[in-house]
Structures are given as structure tokens and as C-alpha cells.
>>> print(open('upload-v2.cif').read())   # mmCIF, C-alpha atoms
data_upload
loop_
_atom_site.label_atom_id
_atom_site.label_comp_id
_atom_site.auth_asym_id
_atom_site.auth_seq_id
_atom_site.Cartn_x
_atom_site.Cartn_y
_atom_site.Cartn_z
CA MET A 1 -22.78 40.78 181.52
CA HIS A 2 -25.14 38.66 179.47
CA ARG A 3 -25.69 36.29 182.36
CA THR A 4 -26.57 39.22 184.64
CA ARG A 5 -28.99 40.53 182.08
CA VAL A 6 -30.67 37.16 181.68
CA LYS A 7 -31.12 36.98 185.46
CA ILE A 8 -32.68 40.46 185.57
CA VAL A 9 -35.07 39.52 182.78
CA ALA A 10 -36.00 36.25 184.50
CA ASP A 11 -36.73 38.06 187.77
CA ALA A 12 -38.83 40.69 185.99
CA LEU A 13 -40.89 38.05 184.20
CA ASP A 14 -41.39 36.17 187.48
CA ALA A 15 -42.68 39.33 189.20
CA ASN A 16 -44.87 39.98 186.17
CA GLU A 17 -46.49 36.55 186.48
CA THR A 18 -47.35 37.19 190.14
CA ILE A 19 -49.07 40.48 189.27
CA ALA A 20 -50.78 38.93 186.24
CA ARG A 21 -52.36 36.35 188.54
CA ALA A 22 -53.68 39.13 190.76
CA ASN A 23 -55.17 40.84 187.68
CA ARG A 24 -56.69 37.49 186.67
CA GLU A 25 -58.38 37.14 190.06
CA ASP A 26 -59.89 40.61 189.74
CA PHE A 27 -61.16 39.87 186.25
CA ASP A 28 -62.66 36.57 187.43
CA ARG A 29 -64.35 38.23 190.39
CA HIS A 30 -66.13 40.56 187.96
CA SER A 31 -66.66 37.84 185.34
CA VAL A 32 -64.78 39.87 182.74
CA ALA A 33 -62.93 38.17 179.89
CA VAL A 34 -59.77 39.91 178.66
CA VAL A 35 -58.15 39.91 175.22
CA ASN A 36 -54.61 41.19 174.74
CA LEU A 37 -54.53 42.70 171.22
CA MET A 38 -51.10 43.24 169.70
CA SER A 39 -49.52 44.28 166.38
CA ALA A 40 -46.82 46.37 164.75
CA PRO A 41 -47.43 50.14 164.63
CA GLY A 42 -50.07 51.02 162.06
CA ALA A 43 -51.38 47.50 161.44
CA GLY A 44 -54.91 48.64 162.21
CA LYS A 45 -55.77 47.70 165.80
CA THR A 46 -57.85 50.78 166.51
CA THR A 47 -59.62 50.81 163.15
CA LEU A 48 -60.52 47.14 163.56
CA LEU A 49 -62.00 47.85 166.99
CA GLU A 50 -63.91 50.85 165.60
CA ARG A 51 -65.50 48.52 163.07
CA ALA A 52 -66.03 45.40 165.18
CA LEU A 53 -67.13 46.60 168.61
CA PRO A 54 -70.29 48.60 167.75
CA GLY A 55 -72.03 45.65 166.05
CA PRO A 56 -75.19 43.96 167.30
CA GLY A 57 -75.10 41.52 170.21
CA GLU A 58 -75.32 41.44 173.98
CA CYS A 59 -71.63 41.39 174.86
CA ARG A 60 -70.64 44.61 176.61
CA PHE A 61 -67.15 45.69 175.51
CA GLY A 62 -64.60 47.93 177.16
CA VAL A 63 -61.16 48.99 175.96
CA LEU A 64 -57.90 49.66 177.78
CA GLU A 65 -55.78 51.67 175.37
CA GLY A 66 -52.01 51.38 175.69
CA ASP A 67 -49.76 53.96 174.09
CA VAL A 68 -46.34 55.42 174.76
CA ARG A 69 -47.89 58.87 174.68
CA GLY A 70 -51.12 60.66 173.86
CA SER A 71 -54.73 59.63 173.62
CA LEU A 72 -55.37 59.69 169.85
CA ASP A 73 -56.72 56.13 169.75
CA ALA A 74 -58.72 56.43 172.97
CA ASP A 75 -60.32 59.60 171.61
CA ARG A 76 -61.33 57.74 168.45
CA LEU A 77 -62.83 54.85 170.41
CA ALA A 78 -64.64 57.13 172.84
CA ALA A 79 -66.87 58.11 169.92
CA LEU A 80 -68.27 54.56 170.06
CA HIS A 81 -69.74 55.24 173.53
CA LEU A 82 -67.85 52.37 175.10
CA PRO A 83 -65.86 52.62 178.32
CA VAL A 84 -62.33 53.46 177.17
CA THR A 85 -59.42 53.91 179.57
CA GLN A 86 -56.10 55.41 178.45
CA LEU A 87 -52.85 53.95 179.77
CA ASN A 88 -49.64 55.76 178.78
CA THR A 89 -46.24 54.14 179.31
CA GLU A 90 -44.66 57.61 179.38
CA PRO A 91 -43.74 59.20 181.74
CA ALA A 92 -44.81 56.99 184.67
CA PHE A 93 -43.25 53.84 183.23
CA GLY A 94 -40.28 55.37 181.41
CA GLY A 95 -41.73 55.15 177.90
CA GLU A 96 -41.92 51.35 177.84
CA CYS A 97 -42.51 49.69 174.46
CA HIS A 98 -45.08 47.23 175.84
CA LEU A 99 -47.69 46.78 178.54
CA ASP A 100 -46.96 44.52 181.48
CA ALA A 101 -49.15 43.21 184.29
CA ASN A 102 -48.20 46.01 186.68
CA MET A 103 -49.04 48.78 184.20
CA VAL A 104 -52.42 47.18 183.53
CA ARG A 105 -52.97 46.81 187.28
CA SER A 106 -52.27 50.52 187.79
CA ALA A 107 -55.17 51.33 185.44
CA LEU A 108 -57.73 48.81 186.69
CA GLY A 109 -59.25 51.23 189.18
CA GLU A 110 -60.46 53.30 186.23
CA VAL A 111 -61.92 50.39 184.25
CA PRO A 112 -65.64 49.83 185.05
CA LEU A 113 -65.33 46.04 185.39
CA ASP A 114 -68.92 45.71 186.65
CA ASP A 115 -70.29 47.20 183.45
CA ILE A 116 -68.48 45.12 180.85
CA ASP A 117 -68.22 41.48 179.76
CA LEU A 118 -65.04 41.70 177.72
CA LEU A 119 -62.07 44.04 178.01
CA VAL A 120 -59.88 44.49 174.95
CA VAL A 121 -56.40 45.66 175.94
CA GLU A 122 -54.86 47.39 172.94
CA ASN A 123 -51.14 46.97 173.51
CA VAL A 124 -48.34 49.30 172.36
CA GLY A 125 -47.54 48.81 168.65
CA ASN A 126 -44.54 46.46 168.73
CA LEU A 127 -43.89 42.90 167.50
CA VAL A 128 -41.27 41.98 170.11
CA CYS A 129 -41.69 42.74 173.81
CA PRO A 130 -45.51 42.72 174.26
CA ALA A 131 -45.46 38.96 173.58
CA GLU A 132 -43.21 38.39 176.61
CA PHE A 133 -45.48 39.87 179.26
CA SER A 134 -48.71 38.27 180.44
CA ILE A 135 -51.22 40.81 181.74
CA GLY A 136 -53.69 38.24 183.11
CA GLU A 137 -55.55 37.88 179.82
CA ASP A 138 -57.80 35.02 178.63
CA ALA A 139 -56.62 35.15 175.04
CA ARG A 140 -54.08 36.88 172.84
CA ALA A 141 -54.76 38.06 169.32
CA MET A 142 -52.57 39.92 166.88
CA ILE A 143 -53.02 41.80 163.65
CA ALA A 144 -50.62 41.43 160.73
CA SER A 145 -51.06 43.85 157.85
CA VAL A 146 -50.44 42.58 154.32
CA ALA A 147 -48.41 45.76 153.77
CA GLU A 148 -45.81 44.41 156.22
CA GLY A 149 -44.77 41.42 154.11
CA GLU A 150 -45.18 37.67 154.35
CA ASP A 151 -41.87 37.05 156.16
CA LYS A 152 -42.97 38.48 159.51
CA PRO A 153 -43.89 35.18 161.29
CA LEU A 154 -40.31 33.99 160.71
CA LYS A 155 -38.78 37.26 161.91
CA TYR A 156 -40.97 37.70 165.00
CA PRO A 157 -41.79 34.08 165.90
CA LEU A 158 -42.47 34.69 169.60
CA MET A 159 -45.27 37.14 168.83
CA PHE A 160 -46.91 34.93 166.21
CA ARG A 161 -46.58 31.90 168.49
CA ALA A 162 -48.03 33.70 171.51
CA CYS A 163 -51.36 34.40 169.82
CA GLU A 164 -54.25 32.04 169.20
CA LEU A 165 -55.75 34.36 166.57
CA VAL A 166 -53.97 36.20 163.77
CA VAL A 167 -56.06 38.76 161.90
CA VAL A 168 -54.59 39.31 158.43
CA ASN A 169 -55.63 42.92 157.89
CA LYS A 170 -55.72 45.32 154.92
CA VAL A 171 -56.60 42.54 152.47
CA ASP A 172 -58.09 45.28 150.26
CA LEU A 173 -54.45 46.16 149.48
CA LEU A 174 -53.60 42.66 148.21
CA PRO A 175 -53.83 43.67 144.52
CA HIS A 176 -51.37 46.51 145.17
CA VAL A 177 -48.63 44.90 147.29
CA ASP A 178 -46.15 42.04 146.83
CA PHE A 179 -47.67 39.79 149.48
CA ASP A 180 -47.98 36.05 148.90
CA LEU A 181 -50.85 35.04 151.20
CA ASP A 182 -50.16 31.30 150.87
CA ARG A 183 -46.54 31.83 151.83
CA PHE A 184 -47.56 33.98 154.80
CA LEU A 185 -49.92 31.24 156.02
CA ALA A 186 -47.19 28.63 155.55
CA ASN A 187 -44.76 30.81 157.53
CA LEU A 188 -47.38 31.21 160.26
CA ASP A 189 -48.00 27.45 160.29
CA ALA A 190 -44.26 26.89 160.69
CA VAL A 191 -44.13 28.86 163.96
CA ASN A 192 -47.68 28.34 165.25
CA PRO A 193 -49.43 25.31 163.74
CA GLY A 194 -53.20 25.49 164.13
CA ALA A 195 -53.38 29.22 164.79
CA GLU A 196 -56.77 30.63 163.85
CA THR A 197 -56.74 33.26 161.10
CA ILE A 198 -59.26 35.83 159.91
CA LEU A 199 -58.79 37.70 156.63
CA ALA A 200 -60.03 41.23 157.17
CA SER A 201 -60.05 44.80 156.00
CA ALA A 202 -60.86 47.19 158.78
CA ARG A 203 -61.13 49.85 156.06
CA THR A 204 -63.87 48.11 154.03
CA GLY A 205 -65.36 46.13 156.93
CA GLU A 206 -64.57 42.74 155.41
CA GLY A 207 -64.07 40.11 158.11
CA THR A 208 -64.66 42.47 161.02
CA ASP A 209 -67.87 40.58 161.95
CA ARG A 210 -65.79 37.42 162.26
CA PHE A 211 -63.44 39.22 164.62
CA ARG A 212 -66.40 40.32 166.69
CA ASP A 213 -67.70 36.73 166.75
CA TRP A 214 -64.29 35.60 167.98
CA LEU A 215 -64.30 38.21 170.79
CA GLU A 216 -67.79 37.09 171.85
CA ALA A 217 -66.65 33.45 171.88
CA VAL A 218 -63.81 34.42 174.22
CA ALA A 219 -66.30 36.20 176.47
CA ALA A 220 -68.52 33.08 176.48
CA ARG A 221 -65.64 31.02 177.92
CA THR A 222 -65.78 33.04 181.13
CA PRO A 223 -68.30 31.65 183.66
CA ALA A 224 -70.84 33.97 185.24
CA PRO A 225 -69.90 35.13 188.76
CA ALA A 226 -71.09 32.98 191.65
CA ALA A 227 -74.44 34.15 193.03
CA MET B 1 -40.53 50.63 192.05
CA HIS B 2 -40.76 53.24 189.29
CA ARG B 3 -37.89 55.20 190.78
CA THR B 4 -35.73 52.04 190.80
CA ARG B 5 -36.60 51.36 187.19
CA VAL B 6 -35.75 54.88 186.12
CA LYS B 7 -32.36 54.52 187.86
CA ILE B 8 -31.66 51.22 186.06
CA VAL B 9 -32.58 52.76 182.72
CA ALA B 10 -30.38 55.81 183.38
CA ASP B 11 -27.42 53.59 184.26
CA ALA B 12 -27.94 51.45 181.15
CA LEU B 13 -28.07 54.50 178.89
CA ASP B 14 -24.94 55.89 180.53
CA ALA B 15 -23.04 52.65 179.88
CA ASN B 16 -24.40 52.65 176.34
CA GLU B 17 -22.96 56.13 175.69
CA THR B 18 -19.52 55.00 176.83
CA ILE B 19 -19.54 52.04 174.44
CA ALA B 20 -21.01 54.16 171.63
CA ARG B 21 -18.01 56.49 171.95
CA ALA B 22 -15.67 53.52 171.62
CA ASN B 23 -17.52 52.44 168.46
CA ARG B 24 -17.25 56.00 167.17
CA GLU B 25 -13.50 55.97 167.65
CA ASP B 26 -13.21 52.72 165.70
CA PHE B 27 -15.34 54.08 162.87
CA ASP B 28 -13.27 57.28 162.76
CA ARG B 29 -10.00 55.33 162.70
CA HIS B 30 -11.23 53.55 159.57
CA SER B 31 -12.89 56.66 158.13
CA VAL B 32 -16.26 54.91 157.98
CA ALA B 33 -19.50 56.86 158.24
CA VAL B 34 -22.41 55.08 159.95
CA VAL B 35 -26.15 55.46 159.46
CA ASN B 36 -28.61 53.98 161.95
CA LEU B 37 -31.70 53.02 159.89
CA MET B 38 -34.90 52.43 161.83
CA SER B 39 -38.60 51.77 161.21
CA ALA B 40 -41.61 49.74 162.26
CA PRO B 41 -41.67 46.10 161.11
CA GLY B 42 -42.43 45.84 157.41
CA ALA B 43 -41.94 49.51 156.53
CA GLY B 44 -39.45 48.55 153.82
CA LYS B 45 -35.91 49.02 155.19
CA THR B 46 -34.42 46.03 153.37
CA THR B 47 -36.25 46.67 150.09
CA LEU B 48 -35.12 50.30 150.12
CA LEU B 49 -31.50 49.20 150.63
CA GLU B 50 -31.85 46.61 147.85
CA ARG B 51 -32.88 49.42 145.52
CA ALA B 52 -30.59 52.21 146.68
CA LEU B 53 -27.22 50.60 147.43
CA PRO B 54 -26.34 49.03 144.04
CA GLY B 55 -26.58 52.32 142.12
CA PRO B 56 -23.65 54.07 140.44
CA GLY B 57 -21.10 56.03 142.45
CA GLU B 58 -17.88 55.56 144.29
CA CYS B 59 -19.14 55.17 147.85
CA ARG B 60 -18.49 51.64 149.11
CA PHE B 61 -21.41 50.46 151.27
CA GLY B 62 -21.64 47.78 153.92
CA VAL B 63 -24.63 46.65 155.98
CA LEU B 64 -24.97 45.45 159.56
CA GLU B 65 -28.29 43.67 159.70
CA GLY B 66 -30.09 43.59 163.06
CA ASP B 67 -32.88 41.08 163.67
CA VAL B 68 -34.29 39.27 166.65
CA ARG B 69 -33.81 36.01 164.81
CA GLY B 70 -32.87 34.64 161.40
CA SER B 71 -30.97 36.00 158.43
CA LEU B 72 -33.74 36.55 155.87
CA ASP B 73 -32.80 40.18 155.24
CA ALA B 74 -29.04 39.57 155.25
CA ASP B 75 -29.54 36.78 152.71
CA ARG B 76 -31.47 39.18 150.46
CA LEU B 77 -28.79 41.86 150.71
CA ALA B 78 -25.93 39.38 150.18
CA ALA B 79 -27.21 39.05 146.60
CA LEU B 80 -26.04 42.64 146.07
CA HIS B 81 -22.41 41.54 146.61
CA LEU B 82 -21.91 44.00 149.45
CA PRO B 83 -20.35 43.10 152.79
CA VAL B 84 -23.34 42.17 154.98
CA THR B 85 -22.97 41.12 158.62
CA GLN B 86 -25.87 39.54 160.53
CA LEU B 87 -26.45 40.50 164.16
CA ASN B 88 -29.19 38.61 166.02
CA THR B 89 -30.47 39.84 169.38
CA GLU B 90 -31.59 36.29 170.21
CA PRO B 91 -30.25 34.29 172.00
CA ALA B 92 -27.06 36.12 173.02
CA PHE B 93 -28.84 39.33 174.01
CA GLY B 94 -32.11 37.84 175.27
CA GLY B 95 -34.20 38.69 172.21
CA GLU B 96 -33.85 42.44 172.59
CA CYS B 97 -36.20 44.65 170.55
CA HIS B 98 -33.43 47.07 169.51
CA LEU B 99 -29.71 47.32 168.88
CA ASP B 100 -27.50 49.04 171.40
CA ALA B 101 -23.86 50.09 171.28
CA ASN B 102 -22.63 46.90 172.94
CA MET B 103 -24.44 44.62 170.50
CA VAL B 104 -23.01 46.57 167.57
CA ARG B 105 -19.57 46.43 169.18
CA SER B 106 -19.81 42.63 169.48
CA ALA B 107 -20.25 42.42 165.69
CA LEU B 108 -17.60 44.93 164.62
CA GLY B 109 -14.89 42.29 164.32
CA GLU B 110 -16.84 40.80 161.42
CA VAL B 111 -17.45 44.09 159.59
CA PRO B 112 -14.69 44.82 157.01
CA LEU B 113 -14.25 48.46 158.03
CA ASP B 114 -11.21 48.90 155.79
CA ASP B 115 -13.22 48.03 152.70
CA ILE B 116 -16.22 50.34 153.11
CA ASP B 117 -16.97 54.05 153.30
CA LEU B 118 -20.44 53.90 154.81
CA LEU B 119 -22.02 51.29 157.07
CA VAL B 120 -25.81 51.13 157.18
CA VAL B 121 -26.98 49.54 160.42
CA GLU B 122 -30.47 48.17 159.83
CA ASN B 123 -32.01 48.19 163.28
CA VAL B 124 -34.70 45.83 164.63
CA GLY B 125 -38.17 46.79 163.38
CA ASN B 126 -39.55 48.87 166.27
CA LEU B 127 -40.64 52.50 166.69
CA VAL B 128 -39.86 52.79 170.41
CA CYS B 129 -36.60 51.51 171.92
CA PRO B 130 -34.13 51.79 168.99
CA ALA B 131 -34.42 55.59 169.25
CA GLU B 132 -33.11 55.50 172.83
CA PHE B 133 -29.77 53.85 172.14
CA SER B 134 -26.89 55.51 170.34
CA ILE B 135 -24.63 53.03 168.55
CA GLY B 136 -21.94 55.54 167.63
CA GLU B 137 -23.60 56.55 164.37
CA ASP B 138 -23.12 59.74 162.31
CA ALA B 139 -26.76 60.05 161.35
CA ARG B 140 -30.13 58.47 162.00
CA ALA B 141 -32.77 57.89 159.38
CA MET B 142 -36.15 56.24 159.61
CA ILE B 143 -38.74 54.91 157.21
CA ALA B 144 -42.45 55.53 157.69
CA SER B 145 -44.79 53.61 155.42
CA VAL B 146 -47.95 55.35 154.23
CA ALA B 147 -49.80 52.13 155.15
CA GLU B 148 -49.08 52.87 158.82
CA GLY B 149 -51.16 56.04 159.01
CA GLU B 150 -50.42 59.73 159.36
CA ASP B 151 -50.68 59.81 163.17
CA LYS B 152 -47.42 57.99 163.85
CA PRO B 153 -45.17 61.04 164.53
CA LEU B 154 -47.53 62.01 167.36
CA LYS B 155 -47.63 58.48 168.79
CA TYR B 156 -43.90 57.76 168.56
CA PRO B 157 -42.40 61.26 168.92
CA LEU B 158 -39.00 60.16 170.25
CA MET B 159 -38.31 58.10 167.13
CA PHE B 160 -39.41 60.80 164.71
CA ARG B 161 -37.46 63.41 166.67
CA ALA B 162 -34.29 61.30 166.81
CA CYS B 163 -33.93 61.15 163.01
CA GLU B 164 -32.65 63.81 160.63
CA LEU B 165 -34.20 62.04 157.64
CA VAL B 166 -37.67 60.50 157.34
CA VAL B 167 -38.28 58.43 154.21
CA VAL B 168 -42.01 58.28 153.50
CA ASN B 169 -42.17 54.90 151.79
CA LYS B 170 -44.77 52.99 149.76
CA VAL B 171 -46.11 56.17 148.14
CA ASP B 172 -47.34 53.92 145.30
CA LEU B 173 -50.08 52.88 147.77
CA LEU B 174 -51.32 56.45 148.33
CA PRO B 175 -54.35 56.03 146.01
CA HIS B 176 -55.38 52.92 147.98
CA VAL B 177 -54.99 53.97 151.63
CA ASP B 178 -56.47 56.64 153.88
CA PHE B 179 -53.27 58.60 154.37
CA ASP B 180 -53.27 62.39 154.36
CA LEU B 181 -49.69 63.27 153.36
CA ASP B 182 -50.06 66.93 154.32
CA ARG B 183 -51.29 65.97 157.76
CA PHE B 184 -48.43 63.50 158.18
CA LEU B 185 -45.91 66.21 157.28
CA ALA B 186 -47.59 68.63 159.70
CA ASN B 187 -47.45 65.98 162.45
CA LEU B 188 -43.78 65.41 161.69
CA ASP B 189 -43.12 69.14 161.74
CA ALA B 190 -44.79 69.34 165.16
CA VAL B 191 -42.32 66.90 166.72
CA ASN B 192 -39.24 67.51 164.52
CA PRO B 193 -39.29 70.86 162.72
CA GLY B 194 -36.92 70.93 159.79
CA ALA B 195 -36.56 67.17 159.43
CA GLU B 196 -35.61 66.21 155.89
CA THR B 197 -38.10 64.03 154.04
CA ILE B 198 -37.93 61.87 150.92
CA LEU B 199 -41.06 60.48 149.28
CA ALA B 200 -40.21 57.04 148.00
CA SER B 201 -41.46 53.70 146.81
CA ALA B 202 -38.89 50.99 147.27
CA ARG B 203 -41.21 48.80 145.18
CA THR B 204 -41.25 51.03 142.09
CA GLY B 205 -37.88 52.68 142.70
CA GLU B 206 -39.30 56.19 143.06
CA GLY B 207 -37.12 58.33 145.31
CA THR B 208 -34.56 55.62 146.01
CA ASP B 209 -31.87 57.59 144.14
CA ARG B 210 -32.50 60.50 146.50
CA PHE B 211 -31.98 58.17 149.46
CA ARG B 212 -28.71 57.01 147.95
CA ASP B 213 -27.66 60.65 147.45
CA TRP B 214 -28.41 61.30 151.11
CA LEU B 215 -26.30 58.32 152.20
CA GLU B 216 -23.40 59.55 150.07
CA ALA B 217 -23.70 63.02 151.57
CA VAL B 218 -23.40 61.50 155.05
CA ALA B 219 -20.30 59.60 153.90
CA ALA B 220 -18.84 62.85 152.55
CA ARG B 221 -19.06 64.41 156.03
CA THR B 222 -16.47 61.96 157.32
CA PRO B 223 -12.88 63.13 156.79
CA ALA B 224 -10.36 60.79 155.20
CA PRO B 225 -8.06 59.08 157.70
CA ALA B 226 -4.83 60.87 158.58
CA ALA B 227 -1.92 59.82 156.39
#
>>> encode(input="upload-v2.cif", output="C-alpha cells")
Amino acid sequence: MHRTRVKIVADALDANETIARANREDFDRHSVAVVNLMSAPGAGKTTLLERALPGPGECRFGVLEGDVRGSLDADRLAALHLPVTQLNTEPAFGGECHLDANMVRSALGEVPLDDIDLLVVENVGNLVCPAEFSIGEDARAMIASVAEGEDKPLKYPLMFRACELVVVNKVDLLPHVDFDLDRFLANLDAVNPGAETILASARTGEGTDRFRDWLEAVAARTPAPAA
Amino acid sequence: MHRTRVKIVADALDANETIARANREDFDRHSVAVVNLMSAPGAGKTTLLERALPGPGECRFGVLEGDVRGSLDADRLAALHLPVTQLNTEPAFGGECHLDANMVRSALGEVPLDDIDLLVVENVGNLVCPAEFSIGEDARAMIASVAEGEDKPLKYPLMFRACELVVVNKVDLLPHVDFDLDRFLANLDAVNPGAETILASARTGEGTDRFRDWLEAVAARTPAPAA
């Protein structure tokens, strides 16, 4: 039974890679960089985007908002006057706990790729499965809240290893929680040596400019479309 | 493709129910009550158990500790001198983001069912998939941390609906976070009217005695084995 399951998973991931490449070609054709943003539920993805995206600068942002159900986050981000597209994993995809390349592909027709330079895909809140599925992105970032505890890199190593940036969010709560920042960083280093980190509080705004700078640097990696 | 996926999911859930019934029969034979404890990563499941299980009383507790990888939580709980069994979803089960009946069944041989009255199964930290899989439990409880935000019942309705008890944890952080408790309770009521709630702080100990009382009440539902 386990062997059968492993085969099914391997086939699914193989199909996912094929569709992710097709997404990648579409993004390249429109010269759009893509960031896959992941975290546990309630770590602060949407609040961080609310703070970081409206800043000054020439990079035109768009958001693809992944949720099991509802449009609470998309509604919040729409107030920023950015192109926001909602993608629900329920019911069309059976209430999946992550986005995969095919789900993203199904929504691309509604994303105005000609009008943006960088698309942030806000994944479903989950520290396990989203890390397994490429969606054709340029970079992966995750948010870890200090309220979650410093052991999380050791408990969810695939997620922490899959990301080049880890935003340590809610640092305004540090005086009020039992969170040893040095130990967290050592745990992160154990599973992903050299990962970039940003200390931030989406609530107070601390560090959100650095996150924006990082997004713009990802966008700058993408060459302009051929004339 | 979606129709195929829905069929696969339906078949998997059907098989899960069959195995869950077999677990149930084993639990009944040993007169053990079982609680399936779920939450997002870092909501405080292990800390709550550390506080609640060692209290006074005659109920003999055991814990089945589900994690993708590692035994950090089981090691913490072993200090309480309770029977703790570790169940990892990686590698045997492909790194699954939840426990299902078959995974629990694979670990039952190591759980001393004759020596306990109530088994707490600490599920993998995830607000989506664990709610879909019965493991043969008597009751389901979940923990929602106030750091996660008051919108979570609306975003993860299946999880909040699947549980008869919602522990609102980390209430010591209420002065430091933007969390409207009344709105959270209204959101919970919208998806699961009549759900029981306990306000708690596993860090300070507030409300953890009420959680223990609830566990003991679940144990009291289970009849003693036939002579």
C-alpha cells in the first residue's frame, strides 16, 4: 500500500512539474516575476502584503490569493488598488490544502500579466504540502511568526528548506512570548544554511520595507521581454 | 481530471472509515476513550498537554504524538512520565500533512491500551486535512491561538465545524495583538453553532484545568469493559 501511494505521489509531482514549466513560459513571455509566499495559518501573509506592496517604487505588483474558501484576504488586498485574483481550492479542487501548478494555471486567464512586473502568489496557510508543489515561481518565501515557537524549522524542514527568504514576523510580540530568536536562527541554519532572513512586524511596519526591497530584487532578476 | 481526483479522494475516505471502525473496536475492547487534538502549527497543543495532563485525578492519560518528522514534542511529554508514542508521517507515509486511521492503526501496537483510560492523539499541525480523516476517536478538539487572527473559522470552516471543543489559546497575548474575541466567537458560531469553548493560556496555566476537566468528561463517556 505504501509503495502504491509513493508511486501515485511521484506521478502527481511529475505532472505538476510539466504544468509548472508551462506556467513559467507564460510568465516569461510577459516578463513577470513570481514569488510563492507560504506560511502557517495566521502567520501574517496578508498583513505583510498590505504593508509592503503600497510603498514607493516603480515595480507593479499583482496578487494571486489562494484559500480553501472565501475571499476575505482578497477583499482586504483589493483596497490597495492592485490587481488581486482569488483562487479557491474548494470546491473545484476538492478543498486542497495547497496550491499546485494546475490550480495556478486555471487562474492565469484572470491575472493581468501585461500590467504587472511581479506576481505574489499567497499560498494556502500550511507548513507541509505547499512546499512540495512548484507553481512555476522564481522564488519562494515564507513567514514564520514568533508566536509559533522556535522549533518549527526542525518540525517542518521541507518548508524551511524550500524557501530562500524567511520573514520572522510579529517581532513586536518578542517581549511577551517564550521565543528564543538565536535558537530559531540556529534551527533554521541547521535545515537551510544561508537562508536570508528579515525580522519584521507587519503590525507595526518594522522590516516591511526590507521585504518590499526583496520583492523588487526578485523582479529585477527577470529580463525585459524581447522587443 | 477533477472528476478523477474527486473519485480517488472518495475512495480514500471510504477506506479510512473502514479502518477507523477497526481502531474504534480496539479502543472499545480496552475501554479507552480517544481525543483527536488538532491545530495550526505552533498554536500550543504540546504546551497545553504539558500543563493539563499532570494534574490531580484518577484518569490515566496516554499520548500518540503525530509529526511529519522528529520527536521534539514526544520528548517534551515523556518528561511527564506518561506513555507517549511517536508517529512520524515521514518517511513511511510520504510526509503526509495529517494523520489518518491507517497511520494510527500502524502505531497501536506500541500504545499500552491496557494502562490508560484516555488517549490524546496530537495530530500534525494543519488546519485543513486532519479534519477530513476520522481515526476512530470519541471526540475532536482543536486549539486556535489568538495570534492567528479572528478570521480563521471562516477560512478553515471544516476544521472548526469538525470539533466539539475549541480552545482559544494564548489569551495572555490579547493585550498585544489585534484580536477581537467577540468577533472570533461570532465567526465560530457561524460555522459551528453551539461549539464549546475554553479560553486558555498554556503559558500561564489559565484555563488548562478546564481542558483537563473536559478530557476527563470524554473519558467518562466510555463504559467500562464487560467483565
>>> residues_near_point(input="upload-v2.cif", point="(-41.9, 60.2, 152.0)", cutoff="10 Å", atoms="all atoms listed in the file", output="list of chain:residue names")
B:Ile143, B:Ala144, B:Ser145, B:Val146, B:Leu165, B:Val166, B:Val167, B:Val168, B:Asn169, B:Lys170, B:Val171, B:Leu181, B:Phe184, B:Leu185, B:Glu196, B:Thr197, B:Ile198, B:Leu199, B:Ala200, B:Ser201, B:Gly207
>>> residues_around(input="upload-v2.cif", residues="Ala33 (chain A)", least_positions_apart="3", cutoff="12 Å", atoms="all atoms listed in the file", output="VMD selection string")
chain A and resid 23 to 30 36 59 to 63 113 to 114 116 to 121 136 to 140 215 to 225
>>> interface_residues(input="upload-v2.cif", of="chain A", to="chain B", cutoff="8 Å", atoms="only C-alpha atoms", output="compact mmCIF listing (two decimals) with C-alpha atoms, keeping the file's coordinate frame")
# COMPACT_ATOMS: atom_id res chain seq x y z
CA HIS A 2 -25.14 38.66 179.47
CA ARG A 5 -28.99 40.53 182.08
CA VAL A 6 -30.67 37.16 181.68
CA ALA A 40 -46.82 46.37 164.75
CA PRO A 41 -47.43 50.14 164.63
CA GLY A 42 -50.07 51.02 162.06
CA ALA A 43 -51.38 47.50 161.44
CA GLY A 44 -54.91 48.64 162.21
CA ASP A 67 -49.76 53.96 174.09
CA VAL A 68 -46.34 55.42 174.76
CA ARG A 69 -47.89 58.87 174.68
CA GLY A 70 -51.12 60.66 173.86
CA LEU A 72 -55.37 59.69 169.85
CA ALA A 92 -44.81 56.99 184.67
CA PHE A 93 -43.25 53.84 183.23
CA GLY A 94 -40.28 55.37 181.41
CA GLU A 96 -41.92 51.35 177.84
CA CYS A 97 -42.51 49.69 174.46
CA ASN A 126 -44.54 46.46 168.73
CA LEU A 127 -43.89 42.90 167.50
CA VAL A 128 -41.27 41.98 170.11
CA CYS A 129 -41.69 42.74 173.81
CA ALA A 147 -48.41 45.76 153.77
CA GLU A 148 -45.81 44.41 156.22
CA GLY A 149 -44.77 41.42 154.11
CA LYS A 152 -42.97 38.48 159.51
CA LEU A 154 -40.31 33.99 160.71
CA LYS A 155 -38.78 37.26 161.91
CA TYR A 156 -40.97 37.70 165.00
CA LEU A 173 -54.45 46.16 149.48
CA HIS A 176 -51.37 46.51 145.17
>>> atom_distance(input="upload-v2.cif", atom1="CA of Ala202 (chain A)", atom2="CA of Ala79 (chain A)")
16.7 Å
>>> resolve_selection(input="upload-v2.cif", expression="the PyMOL selection byres ((chain B and resi 103) around 9)", output="VMD selection string")
chain B and resid 87 to 89 93 99 to 102 104 to 107 135
>>> atom_distance(input="upload-v2.cif", atom1="CA of Asn16 (chain A)", atom2="CA of Pro112 (chain A)")
23.0 Å
>>> closest_residue(input="upload-v2.cif", among="A:Asp189, A:Asp115, A:Glu122, A:Glu206", to="Lys45 (chain A)", atoms="only C-alpha atoms")
A:Glu122
>>> atom_distance(input="upload-v2.cif", atom1="CA of Ala10 (chain A)", atom2="CA of Ala131 (chain A)")
14.7 Å
>>> resolve_selection(input="upload-v2.cif", expression="the PyMOL selection byres ((chain A and resi 17) around 9)", output="VMD selection string")
chain A and resid 12 to 16 18 to 22 101 133 to 136
>>> residues_around(input="upload-v2.cif", residues="Ala162 (chain A)", least_positions_apart="6", cutoff="10 Å", atoms="all atoms listed in the file", output="tab-separated table (two decimals) with C-alpha atoms, in the frame of the given file")
chain	number	residue	atom	x	y	z
A	130	PRO	CA	-45.51	42.72	174.26
A	131	ALA	CA	-45.46	38.96	173.58
A	132	GLU	CA	-43.21	38.39	176.61
A	139	ALA	CA	-56.62	35.15	175.04
A	140	ARG	CA	-54.08	36.88	172.84
A	141	ALA	CA	-54.76	38.06	169.32
A	142	MET	CA	-52.57	39.92	166.88
A	191	VAL	CA	-44.13	28.86	163.96
A	192	ASN	CA	-47.68	28.34	165.25
A	195	ALA	CA	-53.38	29.22	164.79
>>> resolve_selection(input="upload-v2.cif", expression="the PyMOL selection byres ((chain A and resi 74) around 8)", output="ChimeraX atom specification")
/A:65,71-73,75-78,84-86
>>> write_last_selection(input="upload-v2.cif", atoms="C-alpha atoms", output="compact mmCIF listing (two decimals), in the coordinates of the input")
# COMPACT_ATOMS: atom_id res chain seq x y z
CA GLU A 65 -55.78 51.67 175.37
CA SER A 71 -54.73 59.63 173.62
CA LEU A 72 -55.37 59.69 169.85
CA ASP A 73 -56.72 56.13 169.75
CA ASP A 75 -60.32 59.60 171.61
CA ARG A 76 -61.33 57.74 168.45
CA LEU A 77 -62.83 54.85 170.41
CA ALA A 78 -64.64 57.13 172.84
CA VAL A 84 -62.33 53.46 177.17
CA THR A 85 -59.42 53.91 179.57
CA GLN A 86 -56.10 55.41 178.45
